[in-house]
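Down below is the structure, laid out as structure tokens.
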Amino acid sequence: MKNERNEHEAIQQMLLNMQVQIWEAERTQCWPEWKEFDYTVSYNKLYFILDGEGWVKIGDEELYPVPGQLILMPARTKQSYSVISGRPYLKYWSHFSATVGDSDVFSWLNVPYSYDLTDNAEMPLLFQQLVDAHRTRSIAARLKEKSVMLDILSRVFDQQQPQIHADKMEEMSRLHTVQQFIKNHLHEEITLEQMAGTLHLHPNYFIKYFKRHFGITPQKYLSLKRMEQAKLMLRTTPLSIKEIADATGFESANYFSKTFRKEVGYSPSEYRNNI
């Protein structure tokens with residue numbers, strides 16, 4: 001149970017800091033010669049099948065997707081595809097990256113390749129929004145395409161909760177050691193050297209290591225966790241502002257209030273009253 005909870009927390013943190021970039025998004029009628037074998041690419045791929053027949057192979061898994069199915073093809077995984085009849089696919093598709101720091105999210109997450117989504121009637125609408133946004137050259141469209149992709153991925157993860165790849169469990173355990181140290185010592189002054197010491201790393205290397213996996217510096221992560229805990233205590237306890245400041249490692253109630261207002265937009269008292 002404890003390992004499952006740790007894994008769930010690690011995945012939550014990863015998705016919280018995930019950055020999405022859309023490289024391509026289109027609606028395409030595949031041609032009769034549509035095929036390629038045993039290749040890898042540096043981006044993730046999504047297919048939503050609208051009509052037709054075909055075959056794909058992802059790693060060692062062979063699939064024959066049918067209309068209404070969503071296919072996820074992770075980056076750097078050997079892939080193949082081809083037509084199997086005179087009715088090649090009509091499909092929406094997208095190439096995209098999903099990263100945390102320098103790491104591809106799907107290199108960490110073990111997810112199914114094929115999805116029979118309960119809301120697949122909405123999927124063509126979402127993909128058309130993605131295609132329209134990607135074709136539009138505006139700042140707002142860049143935000144729109146990312147939000148639509150996150151909507152699509154949220155439905156994928158809602159269908160089946162991802163798990164950490166077995167070969168990443170040891171690395172996840174190392175990262176959880178740091179997270180747990182920070183969680184257990186939020187009420188204290190925590191130095192970079194102390195955080196690095198939990199993994200027996202030099203502080204300079206630890207900063208790079210931490211940012212590569214979490215997408216933010218350890219100091220920023222510490223600040224975010226203090227804010228999370230402070231907001232939770234403001235919502236759920238009658239403790240005074242000074243008591244909450246002490247419990248979350250701030251040197252004074254005044255400094256806590258200034259930092260809280262800067263990060264949240266309200267003073268601690270205003271936040272508590274509004275909630």
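Following the order of the structure tokens, chains are lettered A, B, ..., residues in each are numbered from 1, and ligands are numbered from 1.
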Kindly assemble as JSON lines a list of the stretch 151-226 of chain A residues that lie within 10 Å of stretch 122-129 of chain A, each paired with its nearest atom pair and their distance in Å to one decimal, using only C-alpha atoms, sorted first by chain and then by ascending residue number.
{"residue": "A:Asp151", "atom": "CA", "partner": "A:Leu126", "partner_atom": "CA", "distance": 8.1}
{"residue": "A:Ile152", "atom": "CA", "partner": "A:Leu126", "partner_atom": "CA", "distance": 7.3}
{"residue": "A:Arg155", "atom": "CA", "partner": "A:Met123", "partner_atom": "CA", "distance": 9.5}
Save out the residues we just selected, C-alpha atoms, as a compact mmCIF listing (two decimals), in the first residue's frame.
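Contents of selection_9.txt, freshly written:
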# COMPACT_ATOMS: atom_id res chain seq x y z
CA ASP A 151 -7.93 17.34 -22.29
CA ILE A 152 -7.32 14.35 -24.56
CA ARG A 155 -9.35 11.17 -20.81
Within 9 Å of A:Pro32, counting only C-alpha atoms, which residues qualify if same-chain residues fewer than 6 places away don't, as a short mmCIF file (atom, residue, chain, number, x, y, z; two decimals) with all heavy atoms, in the first residue's frame?
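Done, and the output landed in selection-v6.cif:
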data_model
loop_
_atom_site.label_atom_id
_atom_site.label_comp_id
_atom_site.auth_asym_id
_atom_site.auth_seq_id
_atom_site.Cartn_x
_atom_site.Cartn_y
_atom_site.Cartn_z
N SER A 82 0.89 -0.48 -41.43
CA SER A 82 0.61 -0.74 -42.85
C SER A 82 -0.89 -0.90 -43.06
O SER A 82 -1.65 -1.14 -42.11
CB SER A 82 1.33 -2.01 -43.33
OG SER A 82 0.68 -3.17 -42.84
N VAL A 83 -1.31 -0.77 -44.31
CA VAL A 83 -2.69 -1.09 -44.69
C VAL A 83 -2.83 -2.60 -44.73
O VAL A 83 -1.84 -3.33 -44.88
CB VAL A 83 -3.05 -0.48 -46.06
CG1 VAL A 83 -2.96 1.03 -46.03
CG2 VAL A 83 -2.12 -1.03 -47.14
N SER A 85 -6.00 -3.80 -46.30
CA SER A 85 -7.08 -4.01 -47.25
C SER A 85 -7.15 -2.80 -48.18
O SER A 85 -6.32 -1.90 -48.10
CB SER A 85 -8.42 -4.20 -46.52
OG SER A 85 -8.88 -2.98 -46.00
N GLY A 86 -8.16 -2.78 -49.00
CA GLY A 86 -8.37 -1.65 -49.89
C GLY A 86 -9.05 -0.47 -49.20
O GLY A 86 -9.41 0.50 -49.87
N ARG A 87 -9.22 -0.56 -47.86
CA ARG A 87 -9.87 0.52 -47.11
C ARG A 87 -8.90 1.08 -46.07
O ARG A 87 -9.01 0.83 -44.87
CB ARG A 87 -11.13 -0.01 -46.41
CG ARG A 87 -12.23 -0.46 -47.35
CD ARG A 87 -13.46 -0.95 -46.57
NE ARG A 87 -13.96 0.08 -45.64
CZ ARG A 87 -13.93 -0.06 -44.31
NH1 ARG A 87 -13.40 -1.13 -43.75
NH2 ARG A 87 -14.43 0.91 -43.55
N PRO A 88 -7.90 1.83 -46.52
CA PRO A 88 -6.94 2.39 -45.56
C PRO A 88 -7.61 3.40 -44.62
O PRO A 88 -8.69 3.91 -44.91
CB PRO A 88 -5.89 3.07 -46.44
CG PRO A 88 -6.60 3.37 -47.72
CD PRO A 88 -7.60 2.26 -47.91
#
Give the helix (DSSP H, G or I) residues of stretch 34-146 of chain A, as assigned by DSSP on the backbone, as a list in words.
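Here is the list: Val105, Phe106, Ser107, Trp108, Met123, Pro124, Leu125, Leu126, Phe127, Gln128, Gln129, Leu130, Val131, Asp132, Ala133, His134, Arg135, Ile139, Ala140, Ala141, Arg142, Leu143, Lys144, Glu145 and Lys146 of chain A.
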Go ahead and write the residues just picked, N, CA, C and O atoms, as a CSV table (one decimal), in the first residue's frame.
chain,number,residue,atom,x,y,z
A,105,VAL,N,7.8,12.0,-20.5
A,105,VAL,CA,6.9,11.5,-19.5
A,105,VAL,C,6.6,10.0,-19.8
A,105,VAL,O,6.6,9.2,-18.8
A,106,PHE,N,6.5,9.6,-21.0
A,106,PHE,CA,6.1,8.2,-21.3
A,106,PHE,C,7.3,7.3,-21.3
A,106,PHE,O,7.2,6.1,-21.4
A,107,SER,N,8.5,7.8,-21.0
A,107,SER,CA,9.6,6.9,-20.7
A,107,SER,C,9.6,6.5,-19.3
A,107,SER,O,10.2,5.5,-18.9
A,108,TRP,N,8.8,7.2,-18.5
A,108,TRP,CA,8.5,6.8,-17.1
A,108,TRP,C,7.2,6.1,-16.9
A,108,TRP,O,7.1,5.2,-16.0
A,123,MET,N,-14.4,12.6,-29.0
A,123,MET,CA,-13.0,12.7,-29.4
A,123,MET,C,-12.8,13.3,-30.8
A,123,MET,O,-11.9,14.1,-31.0
A,124,PRO,N,-13.7,13.0,-31.8
A,124,PRO,CA,-13.5,13.8,-33.1
A,124,PRO,C,-13.6,15.3,-32.9
A,124,PRO,O,-12.8,16.0,-33.6
A,125,LEU,N,-14.4,15.8,-32.0
A,125,LEU,CA,-14.6,17.2,-31.8
A,125,LEU,C,-13.3,17.8,-31.2
A,125,LEU,O,-12.8,18.8,-31.6
A,126,LEU,N,-12.7,17.0,-30.2
A,126,LEU,CA,-11.5,17.5,-29.6
A,126,LEU,C,-10.4,17.5,-30.6
A,126,LEU,O,-9.6,18.5,-30.7
A,127,PHE,N,-10.2,16.5,-31.4
A,127,PHE,CA,-9.2,16.4,-32.4
A,127,PHE,C,-9.3,17.5,-33.4
A,127,PHE,O,-8.3,18.1,-33.9
A,128,GLN,N,-10.6,17.8,-33.8
A,128,GLN,CA,-10.8,18.9,-34.8
A,128,GLN,C,-10.4,20.2,-34.2
A,128,GLN,O,-9.8,21.1,-34.9
A,129,GLN,N,-10.7,20.4,-32.9
A,129,GLN,CA,-10.2,21.6,-32.3
A,129,GLN,C,-8.7,21.7,-32.2
A,129,GLN,O,-8.1,22.8,-32.4
A,130,LEU,N,-8.0,20.5,-32.0
A,130,LEU,CA,-6.6,20.5,-32.0
A,130,LEU,C,-6.0,20.8,-33.4
A,130,LEU,O,-5.1,21.6,-33.5
A,131,VAL,N,-6.6,20.3,-34.4
A,131,VAL,CA,-6.2,20.5,-35.8
A,131,VAL,C,-6.4,22.0,-36.1
A,131,VAL,O,-5.4,22.7,-36.7
A,132,ASP,N,-7.5,22.5,-35.8
A,132,ASP,CA,-7.8,23.9,-36.1
A,132,ASP,C,-6.8,24.9,-35.4
A,132,ASP,O,-6.3,25.9,-36.0
A,133,ALA,N,-6.6,24.6,-34.1
A,133,ALA,CA,-5.7,25.4,-33.4
A,133,ALA,C,-4.3,25.3,-33.9
A,133,ALA,O,-3.6,26.4,-34.0
A,134,HIS,N,-3.8,24.1,-34.3
A,134,HIS,CA,-2.5,24.0,-34.8
A,134,HIS,C,-2.3,24.7,-36.1
A,134,HIS,O,-1.2,25.2,-36.4
A,135,ARG,N,-3.3,24.8,-36.9
A,135,ARG,CA,-3.2,25.4,-38.2
A,135,ARG,C,-3.3,27.0,-38.1
A,135,ARG,O,-3.0,27.7,-39.0
A,139,ILE,N,-0.9,33.5,-30.9
A,139,ILE,CA,-0.5,33.2,-29.6
A,139,ILE,C,-1.6,32.4,-28.9
A,139,ILE,O,-1.3,31.4,-28.2
A,140,ALA,N,-2.8,32.9,-29.0
A,140,ALA,CA,-3.9,32.2,-28.4
A,140,ALA,C,-4.1,30.7,-28.8
A,140,ALA,O,-4.4,29.8,-28.1
A,141,ALA,N,-3.8,30.5,-30.1
A,141,ALA,CA,-3.9,29.1,-30.7
A,141,ALA,C,-2.8,28.2,-30.1
A,141,ALA,O,-3.1,27.0,-29.9
A,142,ARG,N,-1.7,28.7,-29.7
A,142,ARG,CA,-0.6,27.9,-29.0
A,142,ARG,C,-1.1,27.4,-27.7
A,142,ARG,O,-0.9,26.3,-27.3
A,143,LEU,N,-1.8,28.3,-27.0
A,143,LEU,CA,-2.4,27.9,-25.7
A,143,LEU,C,-3.6,26.9,-25.9
A,143,LEU,O,-3.7,26.0,-25.2
A,144,LYS,N,-4.4,27.2,-26.9
A,144,LYS,CA,-5.5,26.3,-27.2
A,144,LYS,C,-5.1,24.9,-27.5
A,144,LYS,O,-5.7,23.9,-27.0
A,145,GLU,N,-4.1,24.7,-28.4
A,145,GLU,CA,-3.7,23.4,-28.8
A,145,GLU,C,-3.2,22.6,-27.6
A,145,GLU,O,-3.4,21.4,-27.5
A,146,LYS,N,-2.5,23.3,-26.7
A,146,LYS,CA,-2.0,22.6,-25.5
A,146,LYS,C,-3.1,22.2,-24.6
A,146,LYS,O,-3.1,21.1,-24.0
Taking into account only C-alpha atoms, which residue in the set A:Ser114, A:Ser42, A:Gln159, A:Thr259 is nearest to A:Val56?
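When distances to A:Val56 are compared using only C-alpha atoms, the smallest one comes from A:Ser114.
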May I ask which of the residues A:Pro268, A:Pro203, A:Pro238, A:Pro162 is the closest one to A:Glu7, counting only C-alpha atoms?
A:Pro162
If you measure from atom CA of A:Glu33 to atom CA of A:Leu50, what distance in Å do you get, rounded to one decimal?
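Interatomic distance, atom CA of A:Glu33 to atom CA of A:Leu50: 18.5 Å.
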Rank A:Phe214, A:Phe48, A:Phe181, A:Phe157 by their smallest atom-to-atom distance to A:Asp104, using only C-alpha atoms, and report the top residue only.
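Nearest to A:Asp104: A:Phe214.
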If we count only C-alpha atoms and set the cut-off at 10 Å, which residues sit around stretch 183-193 of chain A, ignoring sequence neighbours fewer than 2 positions away in its own chain? Please answer as a PyMOL selection string.
chain A and resi 177-181+195-198+200-204+206-207+218-219+222-223+225-226+229+244-251
Filtering to N, CA and C atoms, could you give me those residues as an mmCIF file, in the first residue's frame?
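As a result, part_13.cif now contains:
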data_model
loop_
_atom_site.group_PDB
_atom_site.id
_atom_site.type_symbol
_atom_site.label_atom_id
_atom_site.label_comp_id
_atom_site.auth_asym_id
_atom_site.auth_seq_id
_atom_site.Cartn_x
_atom_site.Cartn_y
_atom_site.Cartn_z
ATOM 1 N N THR A 177 12.728 9.597 -1.956
ATOM 2 C CA THR A 177 13.524 9.851 -0.753
ATOM 3 C C THR A 177 13.674 11.351 -0.514
ATOM 4 N N VAL A 178 13.942 12.082 -1.598
ATOM 5 C CA VAL A 178 14.066 13.541 -1.479
ATOM 6 C C VAL A 178 12.723 14.162 -1.120
ATOM 7 N N GLN A 179 11.652 13.734 -1.811
ATOM 8 C CA GLN A 179 10.327 14.275 -1.541
ATOM 9 C C GLN A 179 9.927 14.057 -0.081
ATOM 10 N N GLN A 180 10.203 12.861 0.428
ATOM 11 C CA GLN A 180 9.819 12.537 1.789
ATOM 12 C C GLN A 180 10.617 13.350 2.806
ATOM 13 N N PHE A 181 11.904 13.561 2.505
ATOM 14 C CA PHE A 181 12.734 14.382 3.392
ATOM 15 C C PHE A 181 12.166 15.794 3.487
ATOM 16 N N MET A 195 19.319 18.558 1.264
ATOM 17 C CA MET A 195 18.544 17.833 0.251
ATOM 18 C C MET A 195 19.453 16.962 -0.603
ATOM 19 N N ALA A 196 20.583 17.523 -1.027
ATOM 20 C CA ALA A 196 21.537 16.756 -1.841
ATOM 21 C C ALA A 196 22.080 15.578 -1.055
ATOM 22 N N GLY A 197 22.265 15.770 0.257
ATOM 23 C CA GLY A 197 22.820 14.719 1.094
ATOM 24 C C GLY A 197 21.937 13.494 1.190
ATOM 25 N N THR A 198 20.616 13.633 0.988
ATOM 26 C CA THR A 198 19.728 12.468 1.042
ATOM 27 C C THR A 198 20.047 11.467 -0.057
ATOM 28 N N HIS A 200 23.263 11.537 -1.472
ATOM 29 C CA HIS A 200 24.728 11.492 -1.498
ATOM 30 C C HIS A 200 25.285 12.097 -2.789
ATOM 31 N N LEU A 201 24.701 13.249 -3.168
ATOM 32 C CA LEU A 201 25.123 13.932 -4.384
ATOM 33 C C LEU A 201 25.709 15.300 -4.031
ATOM 34 N N HIS A 202 26.613 15.765 -4.891
ATOM 35 C CA HIS A 202 27.133 17.129 -4.739
ATOM 36 C C HIS A 202 25.995 18.102 -5.030
ATOM 37 N N PRO A 203 25.871 19.190 -4.258
ATOM 38 C CA PRO A 203 24.755 20.130 -4.470
ATOM 39 C C PRO A 203 24.602 20.617 -5.902
ATOM 40 N N ASN A 204 25.713 20.923 -6.584
ATOM 41 C CA ASN A 204 25.617 21.415 -7.969
ATOM 42 C C ASN A 204 25.033 20.364 -8.900
ATOM 43 N N PHE A 206 23.174 17.836 -7.858
ATOM 44 C CA PHE A 206 21.825 17.559 -7.371
ATOM 45 C C PHE A 206 20.808 18.508 -8.003
ATOM 46 N N ILE A 207 21.169 19.791 -8.150
ATOM 47 C CA ILE A 207 20.258 20.751 -8.772
ATOM 48 C C ILE A 207 19.905 20.306 -10.192
ATOM 49 N N PRO A 218 15.174 22.371 -6.927
ATOM 50 C CA PRO A 218 14.760 21.897 -5.597
ATOM 51 C C PRO A 218 14.269 23.032 -4.707
ATOM 52 N N GLN A 219 14.872 24.219 -4.827
ATOM 53 C CA GLN A 219 14.423 25.351 -4.011
ATOM 54 C C GLN A 219 12.988 25.761 -4.369
ATOM 55 N N LEU A 222 10.613 23.138 -3.000
ATOM 56 C CA LEU A 222 10.446 23.340 -1.565
ATOM 57 C C LEU A 222 9.452 24.465 -1.294
ATOM 58 N N SER A 223 9.571 25.558 -2.029
ATOM 59 C CA SER A 223 8.661 26.690 -1.857
ATOM 60 C C SER A 223 7.226 26.296 -2.189
ATOM 61 N N LYS A 225 5.883 23.304 -2.066
ATOM 62 C CA LYS A 225 5.369 22.389 -1.047
ATOM 63 C C LYS A 225 4.992 23.136 0.228
ATOM 64 N N ARG A 226 5.762 24.163 0.566
ATOM 65 C CA ARG A 226 5.417 24.969 1.737
ATOM 66 C C ARG A 226 4.101 25.706 1.503
ATOM 67 N N GLN A 229 1.189 23.181 1.759
ATOM 68 C CA GLN A 229 0.894 22.834 3.143
ATOM 69 C C GLN A 229 0.228 24.002 3.874
ATOM 70 N N ILE A 244 0.966 28.676 11.642
ATOM 71 C CA ILE A 244 1.109 28.072 10.313
ATOM 72 C C ILE A 244 2.459 28.441 9.707
ATOM 73 N N ALA A 245 2.893 29.680 9.906
ATOM 74 C CA ALA A 245 4.214 30.093 9.420
ATOM 75 C C ALA A 245 5.301 29.234 10.047
ATOM 76 N N ASP A 246 5.203 28.990 11.355
ATOM 77 C CA ASP A 246 6.190 28.153 12.045
ATOM 78 C C ASP A 246 6.148 26.715 11.517
ATOM 79 N N ALA A 247 4.939 26.208 11.258
ATOM 80 C CA ALA A 247 4.775 24.813 10.847
ATOM 81 C C ALA A 247 5.238 24.566 9.420
ATOM 82 N N THR A 248 5.375 25.633 8.632
ATOM 83 C CA THR A 248 5.783 25.474 7.233
ATOM 84 C C THR A 248 7.155 26.085 6.945
ATOM 85 N N GLY A 249 7.910 26.367 8.005
ATOM 86 C CA GLY A 249 9.313 26.711 7.828
ATOM 87 C C GLY A 249 9.616 28.155 7.496
ATOM 88 N N PHE A 250 8.664 29.070 7.694
ATOM 89 C CA PHE A 250 8.931 30.482 7.429
ATOM 90 C C PHE A 250 9.519 31.136 8.680
ATOM 91 N N GLU A 251 10.431 32.065 8.467
ATOM 92 C CA GLU A 251 11.175 32.655 9.583
ATOM 93 C C GLU A 251 10.316 33.566 10.455
#
What's around stretch 93-99 of chain A at 6 Å? Count only C-alpha atoms, leave out sequence neighbours fewer than 6 positions away in its own chain, and write the answer as an MDAnalysis selection string.
chainID A and resid 18:26 43:47 105
Which is closest to A:Cys30 among A:Ile84, A:Leu153, A:Met14, A:Met73, if we use only C-alpha atoms?
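Selected residue with least distance to A:Cys30: A:Ile84.
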Counting only C-alpha atoms, the residue of A:Asp116, A:Arg261, A:Asn110, A:Leu232 that sits nearest A:Ala166:
A:Asn110
Pairwise distance for atom CA of A:Thr28 and atom CA of A:Leu63, rounded to one decimal in Å:
19.5 Å
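When only C-alpha atoms are used to compute distances to A:Lys220, the closest of the residues A:Ser154, A:Ile182, A:Val66, A:Ile49 turns out to be A:Ile182.
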Per DSSP on the backbone, filter stretch 52-151 of chain A down to the residues in strand (DSSP E) and report them as a VMD selection string.
chain A and resid 55 to 58 61 to 63 70 to 73 79 to 82 90 to 100 103 to 104 109 to 110 114 to 115
Any idea what's packed within 12 Å of A:Asn273, counting only C-alpha atoms, ignoring anything in its chain fewer than 5 positions away? Could you give it as a count of residues only?
8
